[in-house]
Amino acid sequence: MLLCITSGHVFSGLRVHPDREHLIYPLGSTVIVKRIKDGKPAFLDGHTNNVSCISVSKSGQYVASGQVNFMGFKAPIIIWDYAQQTIYTQLLLHKAKVEALAFSPNDKYLVSLGGQDDDSIVVWNIETKEAICGSAASAQSSGLCLTVQYSNMNDNIFVSAGSGTLRVWELDLHNRKIRPTECKTGKLKRTVKCVEIAEDDQFIFCGTTSGDIMKINLKTGLLRDCGPVKAKYSLGVSVLRLLKSGHLLVGSGSGTFTLCSSTNFKTVKEVQLEKGVTSIAVRGEGQQFFVGTEAAQMYRFSYENFKAELISTSHNNPVKDVAIPFGTSELFATCSEEDIRLWHIDKPKELLRITVPNMTCNALDFMFDGHSIISAWNDGKIRVFAPESGRLMLVIHNAHRLGVTAIAGTRDCKRIVSGGGEGQVRIWELQPHGHRLLETMKEHKATVTCVKIKSDDTQCITASSDGACIIWDIVRFASLQRMIANTVFRTVCYHPEEYQVITSGTDRKVAYWDMYDGSTIRELDGSQSGAINGMHISQDGHHFVTGGDDKLVKVWDYMEGVVTHVGIAHGASISSIKVCSNNRTLVSTSADGAILRWKFPHPSAS
């Protein structure tokens with residue numbers, strides 16, 4: 001089950017399918033089709049990099065998505081067969097990025113716009129799966145083209161708009177040409193961010209970065225009106241949607257969401273949302289609509305009362321870590337830039353949000369008694385919060401010079417072991433009214449990436465980017481054993497019986513080590529491509545899970561050393577992964593802000 005919505009970075013990325021029962025949106029390199037009624041997701045997997053734009057055909061038969069790619073490489077467009085949820089065709093012409101896509105009203109053609117390195121418009125024939133023709137998107141004298149929109153009635157007419165450019169194009173199929181007509185806006189010089197065309201094709205509505213809306217006659221290309229004159233939209237108009245009633249839905253960069261008249265642009269209703277509006281998706285005739293924001297929040301509105309109902313929230317930045325409290329499988333916590341969030345494990349509901357502005361939380365853990373959340377921050381501080389209220393209970397200032405990168409608490413809840421960006425491992429004693437530094441241990445030469453403590457609180461193991469894992473005596477404060485490999489270690493785990501540890505990192509290997517002499521027992525190929533960033537062993541020790549840059553969740557048999565199950569759903573590198581203590585649920589997080597909940601395939605016998 002999915003706990004995440006679109007990360008909020010793709011403009012107009014949230015769509016309602018014409019069947020009125022599904023939401024479609026991108027998440028990393030995946031396109032998600034989510035049933036509105038119960039939130040059940042399906043994943044369209046085929047892109048190699050982040051999805052940059054999305055479009056749904058009028059009939060609902062096709063969904064098109066474009067992606068970004070590295071400089072010098074072509075960025076593919078995928079047309080999906082919606083009913084089969086398979087790739088209908090893949091189209092390859094644009095360089096580096098596909099900026100926008102639009103289907104013609106009768107599903108005959110798809111028009112695509114390349115990004116700033118490409119700046120070309122191509123019209124594709126959907127039936128033959130080939131390009132009909134292409135052209136430079138804007139004249140040399142004007143700026144970049146940012147969006148395209150198809151006419152609602154004519155398969156041969158579409159509009160492109162951008163920085164100082166607004167053109168109506170006509171497709172001449174017989175000669176395989178597209179011919180532009182420049183729209184005349186007089187003295188108005190605007191950067192158009194979004195375009196909406198009236199249902200009868202009479203007018204074009206253009207939302208601008210200046211915070212006003214231009215109304216242009218489609219047939220003559222002349223400016224008819226521009227407004228609002230006085231109270232312009234702060235930070236520009238980012239999304240427009242025209243309703244059947246003739247009203248406009250307007251979303252601004254400052255989070256203002258309004259219903260306004262399409263004749264004089266007077267505001268009828270207004271709501272202020274958190275962060276800028278990036279998407280408006282109208283369901284059916286417009287009685288209900290969904291709004292997505294930069295804060296990765298999704299709201300549901302009804303036309304009558306125009307009240308915001310928050311239906312899902314998520315991180316809009318990479319999720320760094322996930323933690324599950326010991327002994328309970330009802331809650332889990334995740335951390336990202338600026339915030340820590342507490343979630344209910346059975347339903348995708350955010351219970352608590354703890355925000356520290358302009359800071360990044362690198363790692364977190366629950367204390368064994370569940371009474372506090374300990375967290376590692378890039379400003380060099382360790383912060384301890386109460387999980388019920390989010391109250392800040394303790395701050396350890398200057399815990400590490402180059403930021404705190406790893407953290408763990410002892411079972412007696414009296415000590416914290418932390419690792420830093422400079423490679424030091426520090427042990428802190430928690431006191432009723434403060435804290436005390438017990439010891440600093442300096443053997444690592446680079447960032448400490450992971451800390452795990454033995455169940456009897458006498459030893460801990462730290463993994464580091466310098467290619468060493470060190471077992472420490474945290475009573476006498478000395479190093480006991482050093483394990484060295486030609487890798488950047490990302491994660492380490494004790495086997496529950498604590499006679500072995502397993503490690504993984506950038507060499508894509510999962511290594512089993514003997515605790516007593518530090519020798520390698522076994523090495524497995526953990527991934528075909530990319531580092532392994534997260535790993536966790538089930539409480540019975542029979543299985544472990546891994547996740548990394550290959551975007552796959554893998555469940556392994558510990559003794560056999562083989563993969564028993566593979567989960568494909570993430571659209572970006574997996575950053576962390578944990579199995580609940582009751583072996584029923586697995587939670588994985590990734591760099592696109594996604595949090596995914598999986599049914600663990602090997603439930604414990606109890």
# chains A, B, ... in the order shown; residues from 1 in each chain; ligands from 1
call {"tool": "residues_around", "arguments": {"residues": "range 352-363 of chain A", "least_positions_apart": "5", "cutoff": "10 Å", "atoms": "only C-alpha atoms", "output": "ChimeraX atom specification"}}
result
/A:319-323,333-344,374-379,381-383,385-392,403-408,449-450,576
call {"tool": "select_by_dssp", "arguments": {"residues": "range 28-90 of chain A", "states": "strand (DSSP E or B)", "output": "ChimeraX atom specification"}}
result
/A:30-35,41-45,51-56,62-68,74-81,86-90
call {"tool": "residues_around", "arguments": {"residues": "range 541-552 of chain A", "least_positions_apart": "5", "cutoff": "7 Å", "atoms": "only C-alpha atoms", "output": "JSON, numbers by chain"}}
result
{"A": [495, 496, 529, 530, 531, 532, 533, 534, 535, 536, 557, 558, 566, 567, 568, 570, 571, 572, 573, 574, 575, 576, 577]}
call {"tool": "residues_around", "arguments": {"residues": "Val492 in chain A", "least_positions_apart": "3", "cutoff": "7 Å", "atoms": "only C-alpha atoms", "output": "mmCIF file with all heavy atoms, in the first residue's frame"}}
result
data_model
loop_
_atom_site.group_PDB
_atom_site.id
_atom_site.type_symbol
_atom_site.label_atom_id
_atom_site.label_comp_id
_atom_site.auth_asym_id
_atom_site.auth_seq_id
_atom_site.Cartn_x
_atom_site.Cartn_y
_atom_site.Cartn_z
ATOM 1 N N CYS A 450 26.251 4.405 9.781
ATOM 2 C CA CYS A 450 25.275 3.576 10.493
ATOM 3 C C CYS A 450 25.819 3.173 11.856
ATOM 4 O O CYS A 450 27.017 2.904 11.999
ATOM 5 C CB CYS A 450 24.981 2.325 9.641
ATOM 6 S SG CYS A 450 23.639 1.318 10.272
ATOM 7 N N ALA A 463 29.417 1.600 10.921
ATOM 8 C CA ALA A 463 29.851 1.476 9.526
ATOM 9 C C ALA A 463 30.218 2.861 9.023
ATOM 10 O O ALA A 463 29.613 3.853 9.422
ATOM 11 C CB ALA A 463 28.728 0.895 8.680
ATOM 12 N N VAL A 501 27.395 -10.348 11.838
ATOM 13 C CA VAL A 501 26.804 -9.096 11.356
ATOM 14 C C VAL A 501 26.788 -9.167 9.826
ATOM 15 O O VAL A 501 27.595 -9.873 9.221
ATOM 16 C CB VAL A 501 27.583 -7.833 11.805
ATOM 17 C CG1 VAL A 501 27.460 -7.623 13.282
ATOM 18 C CG2 VAL A 501 29.027 -7.872 11.362
ATOM 19 N N ILE A 502 25.848 -8.446 9.222
ATOM 20 C CA ILE A 502 25.872 -8.314 7.766
ATOM 21 C C ILE A 502 25.995 -6.840 7.404
ATOM 22 O O ILE A 502 25.458 -5.969 8.095
ATOM 23 C CB ILE A 502 24.646 -8.966 7.077
ATOM 24 C CG1 ILE A 502 23.320 -8.431 7.619
ATOM 25 C CG2 ILE A 502 24.699 -10.466 7.154
ATOM 26 C CD1 ILE A 502 22.120 -8.922 6.825
ATOM 27 N N THR A 503 26.743 -6.590 6.325
ATOM 28 C CA THR A 503 26.993 -5.212 5.887
ATOM 29 C C THR A 503 26.686 -5.095 4.399
ATOM 30 O O THR A 503 26.666 -6.091 3.671
ATOM 31 C CB THR A 503 28.478 -4.828 6.076
ATOM 32 O OG1 THR A 503 29.283 -5.701 5.274
ATOM 33 C CG2 THR A 503 28.896 -4.919 7.517
ATOM 34 N N SER A 504 26.482 -3.866 3.966
ATOM 35 C CA SER A 504 26.375 -3.617 2.525
ATOM 36 C C SER A 504 26.702 -2.164 2.243
ATOM 37 O O SER A 504 26.744 -1.331 3.152
ATOM 38 C CB SER A 504 24.978 -3.959 2.009
ATOM 39 O OG SER A 504 24.040 -3.086 2.566
#
call {"tool": "residues_around", "arguments": {"residues": "Val159 in chain A", "least_positions_apart": "3", "cutoff": "7 Å", "atoms": "only C-alpha atoms", "output": "PyMOL selection string"}}
result
chain A and resi 148-150+167-169
call {"tool": "atom_distance", "arguments": {"atom1": "CA of Glu170 in chain A", "atom2": "CA of Asp117 in chain A"}}
result
24.1 Å
call {"tool": "residues_around", "arguments": {"residues": "Ile197 in chain A", "least_positions_apart": "2", "cutoff": "9 Å", "atoms": "only C-alpha atoms", "output": "ChimeraX atom specification"}}
result
/A:149-152,159,195,199-206,218,241-242
call {"tool": "residues_around", "arguments": {"residues": "Val384 in chain A", "least_positions_apart": "2", "cutoff": "6 Å", "atoms": "only C-alpha atoms", "output": "PyMOL selection string"}}
result
chain A and resi 373-374+393-394
call {"tool": "write_last_selection", "arguments": {"atoms": "N, CA, C and O atoms", "output": "mmCIF file, in the first residue's frame"}}
result
data_model
loop_
_atom_site.group_PDB
_atom_site.id
_atom_site.type_symbol
_atom_site.label_atom_id
_atom_site.label_comp_id
_atom_site.auth_asym_id
_atom_site.auth_seq_id
_atom_site.Cartn_x
_atom_site.Cartn_y
_atom_site.Cartn_z
ATOM 1 N N ILE A 373 11.914 10.103 20.688
ATOM 2 C CA ILE A 373 12.510 9.916 19.360
ATOM 3 C C ILE A 373 13.833 10.658 19.367
ATOM 4 O O ILE A 373 13.874 11.860 19.663
ATOM 5 N N ILE A 374 14.928 9.938 19.075
ATOM 6 C CA ILE A 374 16.234 10.604 19.009
ATOM 7 C C ILE A 374 16.555 10.838 17.536
ATOM 8 O O ILE A 374 16.311 9.986 16.689
ATOM 9 N N MET A 393 12.435 17.668 23.889
ATOM 10 C CA MET A 393 12.787 17.318 25.276
ATOM 11 C C MET A 393 14.246 17.667 25.599
ATOM 12 O O MET A 393 14.577 18.003 26.732
ATOM 13 N N LEU A 394 15.112 17.544 24.578
ATOM 14 C CA LEU A 394 16.542 17.744 24.836
ATOM 15 C C LEU A 394 17.250 18.089 23.535
ATOM 16 O O LEU A 394 16.928 17.547 22.477
#
call {"tool": "closest_residue", "arguments": {"among": "A:Ser135, A:Lys108, A:Ala296, A:Ile311", "to": "Leu27 in chain A", "atoms": "only C-alpha atoms"}}
result
A:Ala296
